[in-house]
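*Asks:* Before we start, here is the structure in question, set down as structure tokens.
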Amino acid sequence: MTEPLHALLAPRAIAILGSSADFRKVSGRPLKHLLDKGYAGRIYPVNPRYETIGELRCYPSVGAIEAEVDLAIIVLPASEVLNAVRELGAKRVPAAIIFSSGFSEMGEAGRQLEREIVAAARASGVRLCGPNCLGLINAFDNVLATFSQYADADTPSGPVGFVTQSGAFGTAIAALARRRGLGLGYFVNTGNEADLNFAEIMAEVIRDPRIKIGAGYIEGLKNGDDFVALAEAAMEAGKPLVVTKVGRLGAGARAAASHTGSLAGDDVVFDGVARQHGVIRARNEEHMLDIVEVLAHCDLPQGAGVGLITQSGGAGVLMADRAQELGLSVPVLQPETQVALQKVIPGFGAVGNPVDVTGQFVADPNLLLESVKLMLADPHVDVGIVWFQLMEAHVEKLVKVLVEVRAQVSKPFVVCWVAAPEAGVKALRDNGIAVLRGAEPAVDAVAGLVHYAEARRKWLARREERKAIRVPAIDVPRAQIVSTMDGSRLLTELGVPHARSLLATSPDQAAQAAQTLGYPVVLKIESPDILHKTEAGGVILKLADDEAVKQAFVTIMERARHYDANARIEGVIVQAMAGGDTEFVIGLQNDPVFGVVLMAGLGGVLIEVLRDVAFRKVPLAPGEAEDMLEDLHGKAVLAGVRGQPPRDRAALTQMICAVSRLGAALGPRLATLDLNPIMVGERGATAVDWLLMLNDADGIAQHQPKAASG
């Protein structure tokens, strides 16, 4: 039997269940498309009401087909789909596309029917795309297994594989791609994803050597591991993934007992995992296609230096501003480059970067040719953007110059042609030159190119780092709210620096513990029911002698009982004061899609106000931990401000990696871990408070803490 995913995308024989002789109907359109577009495989219409459809024999059932079938297209009412899937299993058909609606999108009854269909498919080895989907197009092999109106016009093949969870919006994106001259080698709509999901199908798409770029529209993910495996495979293959994921603000905070949980909405976790694995995230469909177009036509740049050539000083300034906002460099050109440009450009132009060639290049096309060549030859420039507007009367001349530029330079460049004549845009694209519609879209697309190139370089360089990660076997505590002392033992085992701590159950024990640790010390309430100690008045700092410690013990116990009279009080933690004056936070959260993820950011009581954090999937290599620090808006604080020395980033990186290994070791047992605050100084980083909550053995959270607010 053919491998199911290959059978889905490149079938040699297709059966259409519920096929109609009326090609205007949904049930007739797939057959029409297959015939019109010249599908070379065998087609088997299945419908007991017909003996033939056109020149094709029509079969009363799948079982009546004598030959093997790779793919079935099911165009039947929802009530008949379950039996159809069972018949496909009996026929040993490896894959099926279900157009039919009326399943999970319709409520509980539909969800139950969908579950029954999936169970039947899995029992018989049939993989399903859909239900409630438009199907797919493999333009290379003329597989038009769809009723989409996109297939009514030409479906040119090309290096882009597009997978979408939305049918109608996906069709609109495909149509926009076609207008740009971007050939979609594959178009796949996954629908309800009852069985095969976005990542599984995209992974098969990018295995095709004819596909160079994967593009996707995502509304939500069911299996984060599949998405990570897809991203890793794409990165190894050097095939960029560009996705538009919606639902940025829909999830919100999930867990009030944990800072990490309250900040770990679906989208921010997705964004972090995407960054970690080099997935390029686009804001919307036009942004996605801009990036795809640039990736399709440009080699990867070797750095982030952008050279800008315009016929408008204003456009140049706008692009320079946007480039810097996106983390790109707009370097001043080398003196020798500027001298060479001055010999080419009129005296009233500009040669520093942006380079303003003025409108004079219309009269002298060689001016533009030489200017672009000189700019791209500058050692600090890695990629160029050429901006101009209108030029209705000079299309042929401009196209000729830019094609010559393309032939004579080795570095990538794109064209931003505002209000461009259609003939000019088409001619450039036909010659493999990316054309963008505006200044900011051009810079945004180039940023996608640069950031992917950087991610790819890092990925290749860190192969050995990732292979060297070792996840330890640990003795997991049984309690779901792990005590401070048990947490301390785990942190010690994993090599996470933290403040020395002792548990005291009386004022005298507290004073003795303080003497052991050395003054000054901190006292903190220890209770599985008081998770936010500061709110309960359960923390007293900078205690310098025995009497102060004893009095603090009494005060903390009184405050705790006043805060929650029913709280279980285990005593008071006596802790050595830690050095460092910058607060940081590291946390772990068990995300329902991606599993254990790590959060890092500037810490303290304002963490949920500032929300300056980054997320990654565990475990992490040192370079990935460094990237997290670079993602923080407040990273300048770590570099030292107002004359203060830089903070110990290396210590933070090591701590992030150690905590990530703890998260990987705990796996589904982890509910959440907060190390907040971590005191970071010029030398070293020390966690001074930690909260670890575990799930039961099945990975299910049972404990609901009393003091879960805030």
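Here's how to read the names in the structure tokens: chain A, B, ... by the order shown, residue numbers from 1 in each chain, ligand numbers from 1 in the order shown.
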Using only C-alpha atoms, which residues of region 545-591 of chain A come within 10 Å of region 607-621 of chain A, and what is the closest atom pair for each, with the distance in Å to one decimal? Give it as a Markdown table, sorted by chain and residue number.
*Replies:*
| residue | atom | partner | partner_atom | distance |
| --- | --- | --- | --- | --- |
| A:Glu583 | CA | A:Ile607 | CA | 9.8 |
| A:Phe584 | CA | A:Ile607 | CA | 9.1 |
| A:Val585 | CA | A:Ile607 | CA | 8.3 |
| A:Ile586 | CA | A:Val613 | CA | 9.2 |
| A:Gly587 | CA | A:Phe615 | CA | 9.3 |
| A:Leu588 | CA | A:Val618 | CA | 8.9 |
| A:Gln589 | CA | A:Lys617 | CA | 9.7 |
| A:Asn590 | CA | A:Lys617 | CA | 9.8 |
| A:Asp591 | CA | A:Lys617 | CA | 9.4 |
*Asks:* Determine, counting only C-alpha atoms, which protein, DNA and RNA residues have an atom within 10 Å of an atom of Val574 (chain A); residues of the same chain fewer than 5 positions away are not included. Present the result as a tab-separated table (two decimals) with N, CA, C and O atoms, in the first residue's frame.
*Replies:*
chain	number	residue	atom	x	y	z
A	499	ALA	N	19.46	30.79	46.70
A	499	ALA	CA	19.83	31.20	48.05
A	499	ALA	C	19.74	30.01	49.01
A	499	ALA	O	18.77	29.24	48.98
A	500	ARG	N	20.73	29.87	49.89
A	500	ARG	CA	20.71	28.82	50.91
A	500	ARG	C	19.53	29.05	51.83
A	500	ARG	O	19.27	30.18	52.26
A	501	SER	N	18.81	27.99	52.17
A	501	SER	CA	17.57	28.11	52.94
A	501	SER	C	17.48	27.01	53.98
A	501	SER	O	17.94	25.88	53.76
A	502	LEU	N	16.84	27.34	55.11
A	502	LEU	CA	16.55	26.36	56.16
A	502	LEU	C	15.14	26.60	56.66
A	502	LEU	O	14.64	27.74	56.68
A	503	LEU	N	14.47	25.54	57.09
A	503	LEU	CA	13.11	25.64	57.62
A	503	LEU	C	13.18	25.71	59.14
A	503	LEU	O	13.85	24.90	59.78
A	504	ALA	N	12.43	26.66	59.70
A	504	ALA	CA	12.34	26.80	61.15
A	504	ALA	C	10.88	26.75	61.58
A	504	ALA	O	10.00	27.30	60.90
A	509	GLN	N	14.55	28.28	66.65
A	509	GLN	CA	15.09	27.57	65.49
A	509	GLN	C	15.45	28.56	64.37
A	509	GLN	O	16.45	28.39	63.68
A	510	ALA	N	14.63	29.59	64.23
A	510	ALA	CA	14.89	30.59	63.20
A	510	ALA	C	16.20	31.31	63.48
A	510	ALA	O	17.01	31.54	62.57
A	511	ALA	N	16.42	31.69	64.72
A	511	ALA	CA	17.66	32.37	65.08
A	511	ALA	C	18.86	31.46	64.87
A	511	ALA	O	19.91	31.90	64.37
A	512	GLN	N	18.72	30.19	65.25
A	512	GLN	CA	19.83	29.24	65.05
A	512	GLN	C	20.12	29.07	63.56
A	512	GLN	O	21.29	29.01	63.15
A	513	ALA	N	19.07	28.98	62.74
A	513	ALA	CA	19.26	28.85	61.29
A	513	ALA	C	19.97	30.08	60.73
A	513	ALA	O	20.86	29.97	59.87
A	514	ALA	N	19.62	31.25	61.24
A	514	ALA	CA	20.25	32.48	60.77
A	514	ALA	C	21.73	32.49	61.10
A	514	ALA	O	22.57	32.93	60.29
A	517	LEU	N	23.47	30.24	58.60
A	517	LEU	CA	23.56	30.82	57.26
A	517	LEU	C	24.44	32.06	57.23
A	517	LEU	O	25.10	32.33	56.21
A	521	VAL	N	19.74	37.98	56.91
A	521	VAL	CA	18.89	36.92	56.38
A	521	VAL	C	17.50	37.48	56.06
A	521	VAL	O	17.16	38.61	56.42
A	522	VAL	N	16.73	36.64	55.39
A	522	VAL	CA	15.33	36.92	55.05
A	522	VAL	C	14.47	35.83	55.68
A	522	VAL	O	14.88	34.66	55.71
A	523	LEU	N	13.29	36.19	56.16
A	523	LEU	CA	12.32	35.20	56.64
A	523	LEU	C	11.10	35.22	55.73
A	523	LEU	O	10.61	36.31	55.34
A	524	LYS	N	10.59	34.01	55.41
A	524	LYS	CA	9.43	33.88	54.53
A	524	LYS	C	8.49	32.82	55.08
A	524	LYS	O	8.95	31.76	55.55
A	525	ILE	N	7.21	33.06	54.99
A	525	ILE	CA	6.23	32.07	55.42
A	525	ILE	C	6.32	30.84	54.53
A	525	ILE	O	6.58	30.95	53.32
A	526	GLU	N	6.12	29.66	55.11
A	526	GLU	CA	6.12	28.42	54.35
A	526	GLU	C	4.76	27.75	54.51
A	526	GLU	O	4.42	27.25	55.59
A	549	VAL	N	15.38	38.40	64.18
A	549	VAL	CA	14.87	37.18	63.55
A	549	VAL	C	13.71	36.60	64.35
A	549	VAL	O	12.67	36.21	63.80
A	553	PHE	N	9.87	36.21	63.08
A	553	PHE	CA	9.17	34.92	63.04
A	553	PHE	C	7.75	35.08	63.58
A	553	PHE	O	6.78	34.64	62.96
*Asks:* Check which residues of region 192-261 of chain A sit at most 9 Å from region 132-145 of chain A using only C-alpha atoms, and return one row each with the closest pair of atoms and their distance in Å to one decimal, ordered by chain and rising number, as JSON lines.
*Replies:*
{"residue": "A:Asn192", "atom": "CA", "partner": "A:Asn132", "partner_atom": "CA", "distance": 6.1}
{"residue": "A:Glu193", "atom": "CA", "partner": "A:Asn132", "partner_atom": "CA", "distance": 8.8}
{"residue": "A:Arg210", "atom": "CA", "partner": "A:Phe140", "partner_atom": "CA", "distance": 8.6}
*Asks:* So that I can check the surroundings of region 449-454 of chain A, please list as JSON, numbers by chain every protein, DNA and RNA residue that reaches within 7 Å of it, counting only C-alpha atoms and ignoring chain neighbours fewer than 6 positions away.
*Replies:* {"A": [278, 280, 291, 294, 295, 300, 301, 303, 304]}
*Asks:* Do a neighbour search on region 86-95 of chain A at 9 Å with only C-alpha atoms, toss out local chain neighbours closer than 3 positions, and write the hits as a count of residues only.
*Replies:* 32
*Asks:* I need the residues in region 456-705 of chain A that are alpha helix (DSSP H) according to DSSP; give them as a PyMOL selection string.
*Replies:* chain A and resi 456-461+463-467+484-494+507-517+546-563+607-610+622-631+635-638+649-666
*Asks:* Check the smallest atom-to-atom distance from each of A:Ala96, A:Ile206, A:Ala350, A:Ala177 to Glu236 (chain A) using only C-alpha atoms, then report the winner.
*Replies:*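 With only C-alpha atoms as the atom set, the closest residue is A:Ile206.
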*Asks:* What lies within 12 Å of Gln408 (chain A) using only C-alpha atoms, ignoring chain neighbours under 5 positions off, as a list of chain:residue names?
*Replies:*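 Answer for this query is A:Leu369, A:Glu370, A:Val372, A:Lys373, A:Leu374, A:Leu376, A:Ala377, A:Val401, A:Leu402, A:Val403, A:Phe413.
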*Asks:* Please determine, counting only C-alpha atoms, which residue among A:Ser104, A:Thr555, A:Ser506, A:Ser488 has the shortest atom-to-atom distance to Leu692 (chain A).
*Replies:* A:Ser488
*Asks:* Measuring between only C-alpha atoms, which one of A:Met655, A:Phe99, A:Ala600, A:Gly214 shows the shortest distance to Leu629 (chain A)?
*Replies:*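 Selected residue with least distance to Leu629 (chain A): A:Ala600.
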*Asks:* Which distance in Å separates CA of Val425 (chain A) and CA of Gly359 (chain A), to one decimal?
*Replies:*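 Between CA of Val425 (chain A) and CA of Gly359 (chain A) the gap is 19.4 Å.
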*Asks:* Give me the residues within 9 Å of Ala296 (chain A) as a ChimeraX atom specification, counting only C-alpha atoms and dropping any in the same chain fewer than 3 places off.
*Replies:* /A:159-160,182,212-213,291-293,299,432,434
*Asks:* Can you spit out the residues from that selection as a PDB file, in the first residue's frame, using C-alpha atoms?
*Replies:*
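Okay, part.pdb is ready:
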ATOM      1  CA  PRO A 159       8.327  26.452  -5.571  1.00  0.00           C
ATOM      2  CA  VAL A 160       5.782  27.399  -2.882  1.00  0.00           C
ATOM      3  CA  LEU A 182       3.959  33.037  -7.371  1.00  0.00           C
ATOM      4  CA  LYS A 212      11.568  25.528  -1.815  1.00  0.00           C
ATOM      5  CA  ILE A 213       9.299  27.481   0.591  1.00  0.00           C
ATOM      6  CA  ILE A 291       8.137  37.557   2.386  1.00  0.00           C
ATOM      7  CA  VAL A 292       7.466  34.502   0.226  1.00  0.00           C
ATOM      8  CA  GLU A 293       8.119  36.492  -2.936  1.00  0.00           C
ATOM      9  CA  ASP A 299      19.636  34.333  -2.217  1.00  0.00           C
ATOM     10  CA  GLY A 432      13.148  36.488 -11.124  1.00  0.00           C
ATOM     11  CA  ALA A 434      10.975  40.494  -6.386  1.00  0.00           C
TER      12      ALA A 434
END
*Asks:* May I ask which of the residues A:Val572, A:Leu113, A:Ala665, A:Val268 is the closest one to Val596 (chain A), counting only C-alpha atoms?
*Replies:* A:Ala665
*Asks:* Using backbone DSSP assignments, extract all strand (DSSP E) residues from region 535-584 of chain A; output them as a PDB file with N, CA and C atoms, in the first residue's frame.
*Replies:*
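After the write, selection36.pdb holds the following:
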ATOM      1  N   VAL A 539       6.917  38.077  54.145  1.00  0.00           N
ATOM      2  CA  VAL A 539       8.344  38.205  53.839  1.00  0.00           C
ATOM      3  C   VAL A 539       8.903  39.411  54.599  1.00  0.00           C
ATOM      4  N   ILE A 540       9.991  39.199  55.347  1.00  0.00           N
ATOM      5  CA  ILE A 540      10.687  40.296  56.024  1.00  0.00           C
ATOM      6  C   ILE A 540      12.167  40.194  55.675  1.00  0.00           C
ATOM      7  N   LEU A 541      12.725  41.305  55.191  1.00  0.00           N
ATOM      8  CA  LEU A 541      14.080  41.327  54.650  1.00  0.00           C
ATOM      9  C   LEU A 541      15.090  41.919  55.635  1.00  0.00           C
ATOM     10  N   LYS A 542      16.339  41.675  55.349  1.00  0.00           N
ATOM     11  CA  LYS A 542      17.486  42.354  55.961  1.00  0.00           C
ATOM     12  C   LYS A 542      17.484  42.272  57.482  1.00  0.00           C
ATOM     13  N   LEU A 543      17.302  41.090  57.993  1.00  0.00           N
ATOM     14  CA  LEU A 543      17.355  40.879  59.441  1.00  0.00           C
ATOM     15  C   LEU A 543      18.809  40.648  59.835  1.00  0.00           C
ATOM     16  N   GLY A 571       5.856  26.412  58.818  1.00  0.00           N
ATOM     17  CA  GLY A 571       6.937  27.095  59.498  1.00  0.00           C
ATOM     18  C   GLY A 571       7.370  28.313  58.717  1.00  0.00           C
ATOM     19  N   VAL A 572       8.608  28.704  58.939  1.00  0.00           N
ATOM     20  CA  VAL A 572       9.176  29.877  58.284  1.00  0.00           C
ATOM     21  C   VAL A 572      10.507  29.479  57.653  1.00  0.00           C
ATOM     22  N   ILE A 573      10.712  29.920  56.417  1.00  0.00           N
ATOM     23  CA  ILE A 573      11.984  29.702  55.738  1.00  0.00           C
ATOM     24  C   ILE A 573      12.944  30.822  56.120  1.00  0.00           C
ATOM     25  N   VAL A 574      14.124  30.432  56.575  1.00  0.00           N
ATOM     26  CA  VAL A 574      15.199  31.387  56.839  1.00  0.00           C
ATOM     27  C   VAL A 574      16.175  31.265  55.676  1.00  0.00           C
ATOM     28  N   GLN A 575      16.474  32.403  55.077  1.00  0.00           N
ATOM     29  CA  GLN A 575      17.234  32.371  53.826  1.00  0.00           C
ATOM     30  C   GLN A 575      18.333  33.410  53.845  1.00  0.00           C
ATOM     31  N   ALA A 576      19.492  33.028  53.334  1.00  0.00           N
ATOM     32  CA  ALA A 576      20.605  33.972  53.221  1.00  0.00           C
ATOM     33  C   ALA A 576      20.274  35.045  52.193  1.00  0.00           C
ATOM     34  N   THR A 582      19.609  43.550  40.068  1.00  0.00           N
ATOM     35  CA  THR A 582      18.661  43.499  38.951  1.00  0.00           C
ATOM     36  C   THR A 582      17.817  42.249  39.092  1.00  0.00           C
ATOM     37  N   GLU A 583      16.492  42.423  39.071  1.00  0.00           N
ATOM     38  CA  GLU A 583      15.590  41.285  39.259  1.00  0.00           C
ATOM     39  C   GLU A 583      15.232  40.661  37.915  1.00  0.00           C
ATOM     40  N   PHE A 584      15.300  39.348  37.884  1.00  0.00           N
ATOM     41  CA  PHE A 584      15.001  38.577  36.681  1.00  0.00           C
ATOM     42  C   PHE A 584      14.028  37.474  37.078  1.00  0.00           C
TER      43      PHE A 584
END
*Asks:* What is the CA of Tyr186 (chain A) to CA of Ile201 (chain A) distance in Å?
*Replies:* 10.5 Å
